[in-house]
>>> print(open('structure-v3.tsv').read())   # TSV, C-alpha atoms
chain	number	residue	atom	x	y	z
A	1	MET	CA	8.74	11.78	15.03
A	2	ARG	CA	5.62	9.96	14.03
A	3	ARG	CA	4.21	12.77	11.91
A	4	ASN	CA	7.21	12.50	9.56
A	5	ALA	CA	6.53	8.87	8.67
A	6	VAL	CA	4.21	7.77	5.87
A	7	GLU	CA	0.76	7.70	7.47
A	8	VAL	CA	-2.16	5.37	6.89
A	9	ARG	CA	-4.24	8.28	5.56
A	10	SER	CA	-1.92	8.48	2.52
A	11	VAL	CA	-2.60	4.89	1.40
A	12	MET	CA	-6.11	4.15	2.68
A	13	THR	CA	-9.27	4.01	0.59
A	14	SER	CA	-11.45	6.95	1.59
A	15	ASP	CA	-14.56	5.93	-0.33
A	16	VAL	CA	-15.29	3.07	2.03
A	17	LEU	CA	-18.49	1.05	2.21
A	18	SER	CA	-20.11	0.37	5.57
A	19	VAL	CA	-23.31	-1.14	6.92
A	20	THR	CA	-25.34	-0.65	10.07
A	21	PRO	CA	-25.93	-3.24	12.78
A	22	ASP	CA	-29.51	-3.63	11.50
A	23	THR	CA	-28.50	-4.45	7.91
A	24	PRO	CA	-29.79	-7.93	6.98
A	25	ILE	CA	-27.08	-10.53	6.44
A	26	LYS	CA	-28.30	-11.30	2.93
A	27	ASP	CA	-27.92	-7.65	1.95
A	28	VAL	CA	-24.33	-7.68	3.24
A	29	ALA	CA	-23.58	-10.87	1.30
A	30	VAL	CA	-24.89	-9.28	-1.90
A	31	LEU	CA	-22.79	-6.15	-1.23
A	32	LEU	CA	-19.60	-8.15	-0.73
A	33	SER	CA	-20.24	-10.21	-3.84
A	34	GLU	CA	-21.12	-7.28	-6.12
A	35	ARG	CA	-18.20	-5.11	-4.95
A	36	GLY	CA	-15.66	-7.94	-4.85
A	37	ILE	CA	-14.61	-7.21	-1.26
A	38	SER	CA	-14.09	-9.61	1.62
A	39	GLY	CA	-15.35	-7.55	4.55
A	40	VAL	CA	-17.12	-4.39	5.58
A	41	PRO	CA	-17.12	-2.18	8.71
A	42	VAL	CA	-20.28	-2.02	10.78
A	43	CYS	CA	-21.01	1.51	12.03
A	44	ASP	CA	-23.56	2.96	14.43
A	45	ALA	CA	-25.64	6.08	13.79
A	46	ASN	CA	-22.72	8.34	14.78
A	47	GLY	CA	-20.30	6.73	12.33
A	48	ALA	CA	-18.35	4.89	15.03
A	49	VAL	CA	-17.07	1.45	14.06
A	50	VAL	CA	-18.70	-1.15	16.30
A	51	GLY	CA	-17.54	-4.25	14.44
A	52	VAL	CA	-16.45	-5.80	11.16
A	53	LEU	CA	-18.41	-8.33	9.13
A	54	SER	CA	-16.23	-10.53	6.92
A	55	GLU	CA	-16.65	-13.48	4.61
A	56	ALA	CA	-15.40	-15.67	7.46
A	57	ASP	CA	-18.29	-14.50	9.65
A	58	LEU	CA	-20.78	-15.28	6.91
A	59	LEU	CA	-19.27	-18.71	6.28
A	60	VAL	CA	-20.17	-19.68	9.85
A	61	LYS	CA	-23.79	-19.00	8.95
A	62	GLN	CA	-23.42	-21.08	5.78
A	63	GLY	CA	-21.37	-23.98	7.11
A	64	GLY	CA	-22.18	-24.10	10.81
A	65	PRO	CA	-19.95	-23.65	13.87
A	66	ARG	CA	-16.49	-25.14	14.10
A	67	HIS	CA	-16.17	-28.77	15.12
A	68	VAL	CA	-15.70	-29.24	18.85
A	69	SER	CA	-14.05	-32.45	20.01
A	70	GLY	CA	-14.59	-34.03	23.40
A	71	GLY	CA	-17.88	-35.87	23.22
A	72	LEU	CA	-21.52	-35.34	22.45
A	73	PHE	CA	-22.10	-32.67	25.12
A	74	ALA	CA	-18.73	-30.89	24.95
A	75	TRP	CA	-20.32	-27.83	23.35
A	76	LEU	CA	-22.29	-27.22	26.57
A	77	VAL	CA	-19.11	-26.39	28.48
A	78	ASP	CA	-16.94	-25.12	25.62
A	79	THR	CA	-17.36	-21.34	25.90
A	80	ALA	CA	-15.01	-20.76	22.94
A	81	SER	CA	-17.74	-22.04	20.60
A	82	ALA	CA	-20.30	-19.52	21.83
A	83	PRO	CA	-19.41	-16.80	19.28
A	84	ASP	CA	-19.85	-19.27	16.42
A	85	ILE	CA	-23.21	-20.37	17.77
A	86	ALA	CA	-24.33	-16.73	17.98
A	87	LYS	CA	-23.24	-16.16	14.37
A	88	LEU	CA	-25.10	-19.28	13.29
A	89	ARG	CA	-28.33	-17.79	14.63
A	90	ALA	CA	-27.64	-14.28	13.30
A	91	HIS	CA	-30.00	-12.42	10.99
A	92	THR	CA	-28.33	-9.00	10.94
A	93	ALA	CA	-24.84	-7.58	10.57
A	94	GLY	CA	-24.78	-6.63	14.23
A	95	GLU	CA	-25.47	-10.21	15.27
A	96	ALA	CA	-22.93	-11.79	12.91
A	97	MET	CA	-20.09	-9.27	13.07
A	98	THR	CA	-16.80	-9.67	14.91
A	99	SER	CA	-16.70	-7.18	17.77
A	100	PRO	CA	-15.11	-5.12	19.17
A	101	ALA	CA	-13.55	-3.88	15.98
A	102	VAL	CA	-9.79	-3.46	15.70
A	103	THR	CA	-9.24	-0.03	14.13
A	104	VAL	CA	-6.32	2.23	13.31
A	105	GLU	CA	-6.01	6.01	13.45
A	106	ALA	CA	-5.51	7.89	10.18
A	107	GLU	CA	-2.22	9.34	11.47
A	108	THR	CA	-0.76	5.93	12.35
A	109	PRO	CA	2.50	5.11	10.49
A	110	VAL	CA	1.95	2.44	7.85
A	111	ALA	CA	4.71	0.32	9.41
A	112	GLU	CA	2.68	0.10	12.62
A	113	ALA	CA	-0.49	-0.78	10.69
A	114	ALA	CA	1.41	-3.53	8.87
A	115	ARG	CA	2.59	-4.99	12.18
A	116	MET	CA	-0.97	-4.98	13.50
A	117	MET	CA	-2.20	-6.89	10.46
A	118	VAL	CA	0.56	-9.49	10.69
A	119	ASP	CA	0.32	-9.93	14.47
A	120	ARG	CA	-3.47	-10.28	14.42
A	121	GLY	CA	-3.78	-12.15	11.13
A	122	MET	CA	-6.01	-9.45	9.63
A	123	ASN	CA	-6.51	-8.49	5.98
A	124	ARG	CA	-7.98	-5.04	6.57
A	125	LEU	CA	-8.26	-2.32	9.20
A	126	PRO	CA	-10.98	0.32	9.42
A	127	VAL	CA	-9.41	3.78	9.67
A	128	VAL	CA	-10.90	6.24	12.15
A	129	GLU	CA	-10.45	9.90	12.95
A	130	ASP	CA	-12.05	11.50	16.00
A	131	GLY	CA	-13.83	8.19	16.54
A	132	ALA	CA	-15.57	8.12	13.15
A	133	LEU	CA	-14.85	5.93	10.12
A	134	VAL	CA	-12.88	7.78	7.43
A	135	GLY	CA	-11.46	4.93	5.36
A	136	ILE	CA	-10.11	1.42	5.22
A	137	VAL	CA	-6.60	0.12	4.67
A	138	THR	CA	-5.83	-3.36	3.35
A	139	ARG	CA	-2.74	-5.50	2.99
A	140	ALA	CA	-2.83	-4.74	-0.73
A	141	ASP	CA	-2.65	-1.00	0.04
A	142	LEU	CA	0.47	-1.52	2.13
A	143	ILE	CA	2.10	-3.85	-0.37
A	144	ARG	CA	1.73	-1.17	-3.03
A	145	LEU	CA	4.20	0.93	-1.06
A	146	PHE	CA	6.93	-1.36	-2.35
A	147	THR	CA	6.29	0.12	-5.78
A	148	ARG	CA	7.58	3.51	-4.61
A	149	SER	CA	10.35	4.87	-6.77
A	150	ASP	CA	13.92	4.64	-5.53
A	151	GLU	CA	14.14	8.42	-5.78
A	152	ASP	CA	11.15	8.85	-3.47
A	153	ILE	CA	12.66	6.45	-0.92
A	154	ALA	CA	16.03	8.22	-1.01
A	155	ARG	CA	14.34	11.59	-0.56
A	156	GLU	CA	12.41	10.39	2.49
A	157	ILE	CA	15.59	8.99	4.04
A	158	ARG	CA	17.46	12.25	3.58
A	159	GLU	CA	14.68	14.67	4.48
A	160	ASN	CA	12.58	12.82	7.05
A	161	VAL	CA	14.77	10.19	8.67
A	162	ALA	CA	18.10	12.03	8.72
A	163	GLY	CA	16.94	15.63	8.71
A	164	ARG	CA	13.70	15.78	10.71
A	165	MET	CA	13.79	12.68	12.89
A	166	LEU	CA	17.45	12.44	13.84
A	167	TRP	CA	18.69	15.99	13.15
A	168	ILE	CA	21.61	14.70	11.10
A	169	ASP	CA	23.03	16.86	8.32
A	170	ALA	CA	21.80	15.05	5.20
A	171	ASN	CA	24.39	16.87	3.09
A	172	ARG	CA	27.03	14.65	4.71
A	173	LEU	CA	25.25	11.50	3.59
A	174	GLU	CA	25.21	9.68	0.29
A	175	VAL	CA	22.00	7.70	-0.07
A	176	GLU	CA	21.90	5.25	-2.97
A	177	VAL	CA	18.74	3.21	-3.58
A	178	GLU	CA	18.29	0.53	-6.21
A	179	ARG	CA	15.14	-1.63	-6.25
A	180	GLY	CA	14.53	-0.74	-2.63
A	181	GLU	CA	18.04	-1.75	-1.50
A	182	VAL	CA	19.69	1.15	0.33
A	183	VAL	CA	23.42	1.81	0.47
A	184	LEU	CA	24.38	4.46	2.99
A	185	ARG	CA	27.74	6.24	2.78
A	186	GLY	CA	29.29	9.32	4.31
A	187	GLN	CA	30.31	10.44	7.78
A	188	VAL	CA	28.24	11.13	10.87
A	189	ASP	CA	29.36	12.61	14.17
A	190	THR	CA	29.09	9.51	16.34
A	191	GLU	CA	28.65	5.76	16.24
A	192	LEU	CA	25.25	6.22	17.89
A	193	GLU	CA	24.02	8.35	14.97
A	194	ALA	CA	25.07	5.61	12.56
A	195	GLU	CA	23.20	2.99	14.61
A	196	LEU	CA	20.04	5.12	14.74
A	197	LEU	CA	20.08	5.54	10.96
A	198	GLU	CA	20.52	1.80	10.48
A	199	LYS	CA	17.54	1.11	12.76
A	200	ARG	CA	15.20	3.75	11.29
A	201	ILE	CA	15.83	3.34	7.56
A	202	PRO	CA	14.40	-0.23	7.32
A	203	LEU	CA	11.10	1.18	8.63
A	204	VAL	CA	10.76	3.49	5.62
A	205	PRO	CA	7.99	2.09	3.38
A	206	GLY	CA	9.49	0.53	0.27
A	207	VAL	CA	12.91	-0.25	1.77
A	208	VAL	CA	13.86	-3.87	1.16
A	209	GLY	CA	17.30	-3.85	2.81
A	210	ILE	CA	20.15	-1.62	3.90
A	211	ARG	CA	23.96	-1.75	3.77
A	212	SER	CA	25.76	0.87	5.82
A	213	GLU	CA	29.24	2.08	4.90
A	214	LEU	CA	29.13	5.05	7.26
A	215	SER	CA	32.14	6.27	9.22
A	216	TRP	CA	32.39	8.32	12.40
A	217	PRO	CA	35.23	10.01	14.29
A	218	VAL	CA	34.21	8.92	17.81
A	219	ASP	CA	32.53	5.87	19.33
A	220	ARG	CA	29.55	5.80	21.70
A	221	LYS	CA	31.80	6.75	24.62
A	222	GLY	CA	33.37	9.68	22.79
A	223	HIS	CA	36.67	7.95	22.13
A	224	PRO	CA	38.40	8.68	18.78
A	225	VAL	CA	38.26	5.81	16.32
A	226	GLY	CA	40.23	7.35	13.49
A	227	GLY	CA	37.34	7.42	11.01
A	228	GLU	CA	36.70	3.70	11.27
A	229	ALA	CA	34.01	2.67	8.82
A	230	ARG	CA	31.19	0.26	9.42
A	231	ALA	CA	30.68	-2.36	6.69
>>> encode(input="structure-v3.tsv", output="structure tokens")
Amino acid sequence: MRRNAVEVRSVMTSDVLSVTPDTPIKDVAVLLSERGISGVPVCDANGAVVGVLSEADLLVKQGGPRHVSGGLFAWLVDTASAPDIAKLRAHTAGEAMTSPAVTVEAETPVAEAARMMVDRGMNRLPVVEDGALVGIVTRADLIRLFTRSDEDIAREIRENVAGRMLWIDANRLEVEVERGEVVLRGQVDTELEAELLEKRIPLVPGVVGIRSELSWPVDRKGHPVGGEARA
């Protein structure tokens, strides 16, 4: 099922910048400033992502560690401040980066990548394939999916969601999309099929909402319902 969804590889930036753990912090700062980006993956000699260095990491170096309350010597026992102290003393990307890096596979559905970003409060995810960096995907990349045409969304619903994922005859469905709002009409075989469509369609990139007007001849238990429609 996953291979039929829109994958991260289709929206990621392939020409991605990276630095090595030995890259001096000042060089990274210049790179971020000149390219207008807010973070960069840190890769080892084999291309594996070992961390991410962001503006937030560099700001620790500029502004000092976070304030720790609890008295003059609280920092001695506050282990949560240790990463900030290490960043404060950092001279290279490897010393200042956030590690381990949170990455995403190129074949990951964009909906899953979006959930990762929201749940973890992240703005970007390095994209890997066979363990090596192949791109980067940002929140802006995912937001651009909402600019998909209504025709493209309707086609994915009919061909991928109904046809390939759920094995439902798309010819029995009428899929109307306007500004990302989906109206679903037609008849399916069972109430369960209708429920599966209603659960899967909102996960299609670009879908804003869905209204189902489907009907079915039998309920989940196989009992006739006389073509009762769901509003």
>>> closest_residue(input="structure-v3.tsv", among="A:Glu129, A:Glu174, A:Glu159, A:Asp119", to="Val8 (chain A)", atoms="only C-alpha atoms")
A:Glu129
>>> closest_residue(input="structure-v3.tsv", among="A:Met122, A:Gly131, A:Met97, A:His91", to="Asn46 (chain A)", atoms="only C-alpha atoms")
A:Gly131
>>> closest_residue(input="structure-v3.tsv", among="A:Glu107, A:Asp189, A:Asp27, A:Glu213", to="Gly135 (chain A)", atoms="all atoms listed in the file")
A:Glu107
>>> residues_around(input="structure-v3.tsv", residues="Ser212 (chain A)", least_positions_apart="6", cutoff="12 Å", atoms="all atoms listed in the file", output="count of residues only")
26
>>> atom_distance(input="structure-v3.tsv", atom1="CA of Val11 (chain A)", atom2="CA of Arg211 (chain A)")
27.5 Å
>>> residues_around(input="structure-v3.tsv", residues="region 49-55 of chain A", least_positions_apart="3", cutoff="9 Å", atoms="all atoms listed in the file", output="PyMOL selection string")
chain A and resi 19+21+28-29+32+37-44+46+58-60+93-94+96-103+126+128+131-133
>>> atom_distance(input="structure-v3.tsv", atom1="CA of Leu192 (chain A)", atom2="CA of Phe146 (chain A)")
28.3 Å
>>> residues_near_point(input="structure-v3.tsv", point="(17.3, 9.1, 7.5)", cutoff="8 Å", atoms="all atoms listed in the file", output="list in words")
Glu156, Ile157, Arg158, Glu159, Asn160, Val161, Ala162, Gly163, Met165, Leu166, Ile168, Ala170, Leu197, Arg200 and Ile201 of chain A
>>> atom_distance(input="structure-v3.tsv", atom1="CA of Ala154 (chain A)", atom2="CA of Gly180 (chain A)")
9.2 Å
